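Asker: So that you have it, the file is input_8.txt, and it contains compact mmCIF, C-alpha atoms and all ligand atoms:
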```txt
# COMPACT_ATOMS: atom_id res chain seq x y z
CA MET A 5 115.86 34.16 -158.62
CA ASP A 6 116.52 35.48 -155.10
CA ASP A 7 114.16 34.96 -152.19
CA ALA A 8 113.02 38.59 -151.83
CA LYS A 9 111.68 38.59 -155.37
CA ALA A 10 110.02 35.24 -154.89
CA ILE A 11 108.22 36.50 -151.77
CA ALA A 12 107.00 39.76 -153.30
CA PRO A 13 104.15 38.27 -155.37
CA GLN A 14 103.06 36.26 -152.33
CA GLU A 15 102.88 39.51 -150.33
CA LEU A 16 100.75 41.06 -153.04
CA ILE A 17 98.38 38.12 -152.86
CA GLU A 18 98.20 38.51 -149.08
CA GLN A 19 97.50 42.20 -149.47
CA ALA A 20 94.77 41.56 -152.00
CA ARG A 21 93.26 38.98 -149.65
CA ALA A 22 93.28 41.41 -146.73
CA GLN A 23 91.77 44.11 -148.92
CA LYS A 24 89.00 41.78 -150.07
CA ALA A 25 88.29 40.72 -146.48
CA ALA A 26 88.03 44.40 -145.41
CA GLN A 27 85.71 45.05 -148.34
CA GLN A 28 83.51 42.11 -147.39
CA GLU A 29 83.41 43.35 -143.81
CA ASP A 30 82.46 46.76 -145.19
CA GLU A 31 79.63 45.17 -147.13
CA GLY A 32 78.24 43.60 -143.97
CA THR A 33 78.22 46.97 -142.16
CA PRO A 34 75.03 49.04 -142.60
CA LEU A 35 75.62 52.02 -144.88
CA SER A 36 74.43 54.44 -142.19
CA VAL A 37 77.27 53.20 -139.93
CA ARG A 38 79.83 53.63 -142.71
CA ILE A 39 78.59 57.18 -143.42
CA ARG A 40 78.71 58.02 -139.71
CA GLN A 41 82.31 56.75 -139.59
CA ARG A 42 83.21 59.04 -142.51
CA VAL A 43 81.61 62.06 -140.83
CA VAL A 44 83.42 61.38 -137.56
CA ALA A 45 86.75 60.76 -139.35
CA SER A 46 86.45 64.20 -140.98
CA GLY A 47 85.75 65.85 -137.62
CA GLY A 48 82.18 66.71 -138.61
CA GLN A 49 78.87 66.14 -136.84
CA TYR A 50 75.60 64.60 -137.98
CA PHE A 51 72.88 66.34 -135.99
CA SER A 52 69.37 66.26 -137.43
CA ASN A 53 69.71 69.64 -139.13
CA ASP A 54 73.24 69.09 -140.45
CA ASN A 55 73.90 68.51 -144.12
CA ILE A 56 76.06 65.38 -144.66
CA ALA A 57 75.99 65.30 -148.48
CA GLU A 58 79.80 65.46 -148.82
CA HIS A 59 80.09 62.12 -146.98
CA ILE A 60 77.64 60.28 -149.22
CA ARG A 61 78.95 58.72 -152.41
CA GLU A 62 77.28 58.50 -155.78
CA GLY A 63 74.44 55.97 -155.78
CA GLU A 64 74.47 55.41 -152.01
CA LEU A 65 71.16 57.18 -151.38
CA ASP A 66 69.28 54.21 -152.90
CA GLU A 67 71.01 51.88 -150.45
CA LEU A 68 70.37 54.24 -147.54
CA GLN A 69 66.70 54.44 -148.49
CA GLN A 70 66.52 50.62 -148.47
CA GLU A 71 68.08 50.55 -145.00
CA VAL A 72 65.51 53.07 -143.71
CA GLU A 73 62.72 51.01 -145.30
CA ILE A 74 63.82 47.87 -143.41
CA ARG A 75 63.96 49.84 -140.12
CA MET A 76 60.55 51.42 -140.81
CA ARG A 77 59.10 47.96 -141.35
CA GLY A 78 60.42 47.10 -137.89
CA VAL A 79 58.73 50.19 -136.39
CA LEU A 80 55.39 49.25 -137.95
CA GLU A 81 55.78 45.68 -136.67
CA SER A 82 56.53 47.00 -133.19
CA LEU A 83 53.35 49.07 -133.44
CA VAL A 84 51.63 45.68 -133.92
CA ILE A 85 50.39 46.50 -137.41
CA ASP A 86 49.92 43.51 -139.72
CA ILE A 87 51.98 44.80 -142.63
CA GLU A 88 51.81 41.38 -144.33
CA ASN A 89 48.02 41.32 -144.71
CA ASP A 90 46.85 44.90 -144.19
CA HIS A 91 46.50 46.32 -147.71
CA ASN A 92 46.83 49.89 -146.36
CA THR A 93 50.25 49.44 -144.78
CA GLN A 94 51.91 46.82 -147.00
CA ASP A 95 53.89 49.51 -148.80
CA THR A 96 54.05 52.12 -146.04
CA ALA A 97 57.66 51.43 -144.97
CA ARG A 98 58.86 51.96 -148.54
CA ARG A 99 56.80 55.15 -148.93
CA VAL A 100 57.99 56.64 -145.64
CA ALA A 101 61.65 55.81 -146.36
CA LYS A 102 61.37 57.48 -149.76
CA MET A 103 59.59 60.50 -148.26
CA PHE A 104 62.30 60.94 -145.59
CA ILE A 105 65.35 60.51 -147.82
CA ARG A 106 64.10 62.06 -151.08
CA GLU A 107 61.64 64.70 -149.91
CA VAL A 108 61.09 66.01 -146.39
CA PHE A 109 64.66 65.42 -145.09
CA SER A 110 66.44 65.71 -148.43
CA GLY A 111 68.21 68.87 -147.21
CA ARG A 112 70.46 66.58 -145.14
CA TYR A 113 71.55 64.37 -148.05
CA HIS A 114 71.87 66.70 -151.03
CA ALA A 115 74.48 69.32 -151.83
CA PRO A 116 73.26 72.94 -151.73
CA PRO A 117 71.26 74.05 -154.78
CA PRO A 118 73.38 75.87 -157.37
CA VAL A 119 72.99 79.62 -156.95
CA THR A 120 74.62 82.17 -159.21
CA GLU A 121 75.59 85.35 -157.41
CA PHE A 122 75.71 88.56 -159.42
CA PRO A 123 77.78 91.57 -158.36
CA ASN A 124 75.74 94.60 -157.36
CA ALA A 125 76.74 96.43 -160.53
CA ALA A 126 74.02 99.08 -160.22
CA LYS A 127 75.21 99.76 -156.64
CA LEU A 128 71.69 99.28 -155.25
CA ASN A 129 71.45 100.50 -151.68
CA GLU A 130 67.72 100.39 -151.00
CA LEU A 131 65.94 97.98 -148.68
CA MET A 132 64.79 94.87 -150.53
CA ILE A 133 62.20 92.47 -149.11
CA VAL A 134 61.54 88.96 -150.37
CA GLY A 135 58.51 87.09 -149.09
CA PRO A 136 56.34 85.58 -147.94
CA ILE A 137 58.00 82.38 -149.15
CA THR A 138 56.33 79.14 -148.07
CA MET A 139 58.49 76.90 -145.90
CA ARG A 140 57.95 73.29 -144.86
CA SER A 141 59.97 71.48 -142.28
CA ALA A 142 59.59 68.97 -139.45
CA CYS A 143 60.30 69.41 -135.78
CA ALA A 144 63.35 67.51 -134.59
CA HIS A 145 61.53 66.50 -131.37
CA HIS A 146 58.50 64.71 -132.83
CA LEU A 147 59.13 64.66 -136.61
CA CYS A 148 55.82 66.49 -136.96
CA PRO A 149 55.37 69.02 -139.79
CA ILE A 150 56.22 72.68 -139.36
CA MET A 151 54.55 74.88 -141.99
CA GLY A 152 55.14 78.57 -142.33
CA LYS A 153 56.38 81.61 -144.15
CA VAL A 154 59.72 83.32 -144.44
CA TRP A 155 60.52 86.96 -145.15
CA VAL A 156 64.02 88.11 -145.99
CA GLY A 157 65.16 91.72 -145.82
CA VAL A 158 68.37 92.65 -147.59
CA MET A 159 70.21 95.94 -147.36
CA PRO A 160 72.83 95.73 -150.11
CA ASN A 161 76.00 97.73 -150.44
CA GLU A 162 78.44 98.08 -153.34
CA HIS A 163 80.32 94.92 -152.32
CA SER A 164 77.19 92.78 -152.03
CA ASN A 165 76.05 90.02 -154.32
CA LEU A 166 72.53 89.66 -155.66
CA ILE A 167 70.75 86.37 -156.34
CA GLY A 168 67.61 85.62 -158.37
CA LEU A 169 64.28 85.64 -156.54
CA SER A 170 63.62 81.93 -157.12
CA LYS A 171 67.00 81.14 -155.51
CA TYR A 172 65.74 82.36 -152.14
CA ALA A 173 63.02 79.71 -152.26
CA ARG A 174 65.56 77.01 -153.24
CA LEU A 175 67.94 77.90 -150.41
CA ILE A 176 65.08 78.08 -147.89
CA ASP A 177 63.83 74.67 -149.00
CA TRP A 178 67.32 73.17 -148.66
CA VAL A 179 67.74 74.40 -145.07
CA MET A 180 64.18 73.56 -144.00
CA SER A 181 64.08 70.02 -145.47
CA ARG A 182 65.70 68.63 -142.33
CA PRO A 183 64.38 67.85 -138.86
CA GLN A 184 64.69 71.35 -137.42
CA ILE A 185 64.22 73.55 -134.38
CA GLN A 186 62.72 76.84 -135.50
CA GLU A 187 65.33 79.03 -133.74
CA GLU A 188 68.20 77.06 -135.31
CA ALA A 189 66.53 76.92 -138.73
CA VAL A 190 66.26 80.70 -138.96
CA ALA A 191 69.90 81.12 -137.84
CA GLN A 192 71.13 78.51 -140.36
CA LEU A 193 69.22 80.31 -143.11
CA ALA A 194 70.65 83.69 -142.08
CA ASP A 195 74.21 82.26 -142.12
CA LEU A 196 73.69 80.84 -145.60
CA LEU A 197 72.22 84.08 -147.01
CA GLN A 198 74.95 86.13 -145.31
CA GLU A 199 77.60 83.99 -147.02
CA LYS A 200 75.94 84.22 -150.46
CA LEU A 201 74.93 87.91 -150.41
CA ARG A 202 77.46 89.57 -148.10
CA PRO A 203 74.96 92.41 -147.55
CA ASP A 204 75.23 95.49 -145.39
CA GLY A 205 72.30 94.21 -143.38
CA LEU A 206 70.23 91.05 -143.32
CA ALA A 207 66.87 90.31 -141.69
CA VAL A 208 65.14 86.93 -141.66
CA VAL A 209 61.70 86.36 -140.14
CA LEU A 210 60.11 82.93 -139.89
CA GLU A 211 56.49 82.53 -138.82
CA ALA A 212 55.35 78.92 -138.52
CA GLU A 213 52.73 76.55 -137.20
CA HIS A 214 53.98 73.47 -135.40
CA PHE A 215 51.85 70.39 -135.90
CA CYS A 216 53.22 68.87 -132.72
CA MET A 217 51.08 71.57 -131.05
CA HIS A 218 47.99 70.80 -133.16
CA TRP A 219 48.09 67.03 -133.50
CA ARG A 220 49.38 66.07 -130.06
CA GLY A 221 50.35 67.74 -126.77
CA VAL A 222 48.21 70.77 -126.00
CA LYS A 223 46.20 70.40 -129.26
CA ASP A 224 46.21 74.16 -129.67
CA ASN A 225 45.10 75.18 -133.15
CA GLN A 226 45.88 78.88 -132.91
CA SER A 227 49.48 79.15 -131.78
CA LYS A 228 52.18 80.26 -134.15
CA MET A 229 55.82 80.83 -133.47
CA VAL A 230 57.73 83.79 -134.87
CA ASN A 231 61.53 84.00 -134.94
CA SER A 232 63.75 86.64 -136.39
CA VAL A 233 67.43 87.21 -136.98
CA MET A 234 68.71 90.76 -137.59
CA ARG A 235 72.26 91.42 -138.70
CA GLY A 236 74.42 94.39 -139.68
CA SER A 237 72.48 97.56 -140.46
CA PHE A 238 69.17 95.95 -139.37
CA LEU A 239 70.69 95.52 -135.94
CA ASN A 240 72.18 99.02 -135.69
CA ASP A 241 69.53 101.06 -137.47
CA SER A 242 66.11 100.99 -135.76
CA VAL A 243 64.51 103.06 -138.56
CA LEU A 244 65.57 100.47 -141.14
CA ARG A 245 64.35 97.68 -138.87
CA ARG A 246 60.94 99.34 -138.42
CA GLU A 247 60.66 99.95 -142.16
CA PHE A 248 61.34 96.27 -142.83
CA LEU A 249 58.82 95.08 -140.23
CA ALA A 250 56.14 97.52 -141.51
CA LEU A 251 56.63 96.46 -145.15
CA MET A 252 56.66 92.83 -144.07
CA GLN A 253 53.27 93.25 -142.36
CA THR A 254 51.71 94.72 -145.52
CA SER A 255 52.92 91.71 -147.54
CA ALA A 256 51.90 89.26 -144.80
CA ARG A 257 48.29 88.63 -145.90
ZN ZN B 1 57.64 68.92 -131.84
```
Can you present the structure in this file as structure tokens?
Ligand SMILES: [Zn+2]
Answerer:
Amino acid sequence: MDDAKAIAPQELIEQARAQKAAQQEDEGTPLSVRIRQRVVASGGQYFSNDNIAEHIREGELDELQQEVEIRMRGVLESLVIDIENDHNTQDTARRVAKMFIREVFSGRYHAPPPVTEFPNAAKLNELMIVGPITMRSACAHHLCPIMGKVWVGVMPNEHSNLIGLSKYARLIDWVMSRPQIQEEAVAQLADLLQEKLRPDGLAVVLEAEHFCMHWRGVKDNQSKMVNSVMRGSFLNDSVLRREFLALMQTSAR
């Protein structure tokens, strides 16, 4: 037996050892750090309204939720709340972590909802309005709720796709279930609908109440914020734009 062959198995053992050590190191690193490293390695970003689902592996959301729960417990402790003995807050950290990961911010951690696009076989070329669709989000500045309504105007052409009515609500929910800024939320939604529908024109209007205005700050109960994005024929054709806005008003209340 020559030396090279004798050494080879030893090298394999060394390799296995190094691999195991790296794995153990990995296990000691919080999952959020490992996910961030994956996002950065892929050249992506992880802003509050970004979707990072492609960097999260099967089963990891449970672990991430546990990490958030531990951190939330720390926040409650820093607020000097007796989470050991106070029956109201004993389970709050777990509830909040679940609410963030699985519900109100789930649009960051889940892949887009499946949407089947149909070709515009009937060559529809009339203005179509969908709405009002209820939207719920949270402001990225205070994590306070944003509640509102969305209207979508679509001007199809023969190359456009059509999607089912309920799919608009699903896509809206996916974009809004992230800490958002209203102006960015409406632009993100317009980009997504543009990509799915490829219409001649697209209009998106979002009217919302910001609870960071009601609950804190100026404590103004009346103010609403309205944002719109107009693209293609809605941008070029003022008659079409006016028709959309007029029809939207009649469906508003
Ligand atoms: Zn705010």
Asker: Please find the residues contacting ligand ZN 1 (chain B) at a distance of at most 12 Å between atoms, with only C-alpha atoms and all ligand atoms counted, and report them as a tab-separated table (two decimals) with C-alpha atoms, keeping the file's coordinate frame.
Answerer:
```tsv
chain	number	residue	atom	x	y	z
A	141	SER	CA	59.97	71.48	-142.28
A	142	ALA	CA	59.59	68.97	-139.45
A	143	CYS	CA	60.30	69.41	-135.78
A	144	ALA	CA	63.35	67.51	-134.59
A	145	HIS	CA	61.53	66.50	-131.37
A	146	HIS	CA	58.50	64.71	-132.83
A	147	LEU	CA	59.13	64.66	-136.61
A	148	CYS	CA	55.82	66.49	-136.96
A	149	PRO	CA	55.37	69.02	-139.79
A	150	ILE	CA	56.22	72.68	-139.36
A	183	PRO	CA	64.38	67.85	-138.86
A	184	GLN	CA	64.69	71.35	-137.42
A	185	ILE	CA	64.22	73.55	-134.38
A	186	GLN	CA	62.72	76.84	-135.50
A	213	GLU	CA	52.73	76.55	-137.20
A	214	HIS	CA	53.98	73.47	-135.40
A	215	PHE	CA	51.85	70.39	-135.90
A	216	CYS	CA	53.22	68.87	-132.72
A	217	MET	CA	51.08	71.57	-131.05
A	218	HIS	CA	47.99	70.80	-133.16
A	219	TRP	CA	48.09	67.03	-133.50
A	220	ARG	CA	49.38	66.07	-130.06
A	221	GLY	CA	50.35	67.74	-126.77
A	222	VAL	CA	48.21	70.77	-126.00
A	223	LYS	CA	46.20	70.40	-129.26
```
Asker: Go ahead and compute the interatomic distance for atom CA of A:Leu239 and atom CA of A:Leu131, in Å to one decimal.
Answerer: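 Calculated distance between atom CA of A:Leu239 and atom CA of A:Leu131 is 13.8 Å.
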Asker: For the atom pair atom CA of A:Ile56 and atom CA of A:Gln198, what is the interatomic distance in Å to one decimal place?
Answerer: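 Between atom CA of A:Ile56 and atom CA of A:Gln198 the gap is 20.8 Å.
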Asker: Which residues are near A:Gly236? Cut-off 7 Å, only C-alpha atoms, ignore same chain within fewer than 6 positions. Put them as a list in words.
Answerer: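 Contacts, with the query itself left out: Asp204, Gly205 and Leu206 of chain A.
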Asker: At a cut-off of 9 Å, using all atoms listed in the file, what residues contact A:Tyr172? Leave out same-chain residues fewer than 4 positions from it and give the result as a ChimeraX atom specification.
Answerer: /A:134,137,156,167-168,176-177,197
Asker: Grab the atom CA of A:Trp155 to atom CA of A:Ala125 distance for me, in Å with one decimal place.
Answerer: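 Atom-to-atom, atom CA of A:Trp155 and atom CA of A:Ala125 are spaced 24.3 Å apart.
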Asker: For each of A:Ser46, A:Ser170, A:Gln94, A:Ser164, take the minimum atom-to-atom distance to A:Lys127, counting only C-alpha atoms, then give the residue where this is smallest.
Answerer: A:Ser164
Asker: Rank nothing, just name the residue among A:Asp66, A:Glu188, A:Glu88, A:Glu81 nearest to A:Arg106, using only C-alpha atoms.
Answerer: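 Of the candidates, the smallest distance to A:Arg106 is held by A:Asp66.
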Asker: Could you tell me, as a ChimeraX atom specification, which residues have any atom at most 10 Å from (67.4, 95.3, -154.4), counting all atoms listed in the file?
Answerer: /A:124,126-134,157-161,166-167
Asker: Excluding stretch 40-44 of chain A and residues on its chain fewer than 4 positions from it, collect all residues at most 12 Å away from it, counting only C-alpha atoms, and give them as a PyMOL selection string.
Answerer: chain A and resi 30+33-36+48-51+54-61
Asker: Can you pull out every residue within 8 Å of A:Ser181, counting only C-alpha atoms, but drop anything in the same chain fewer than 4 positions away, and send it as a PyMOL selection string?
Answerer: chain A and resi 107-112+140-142+177
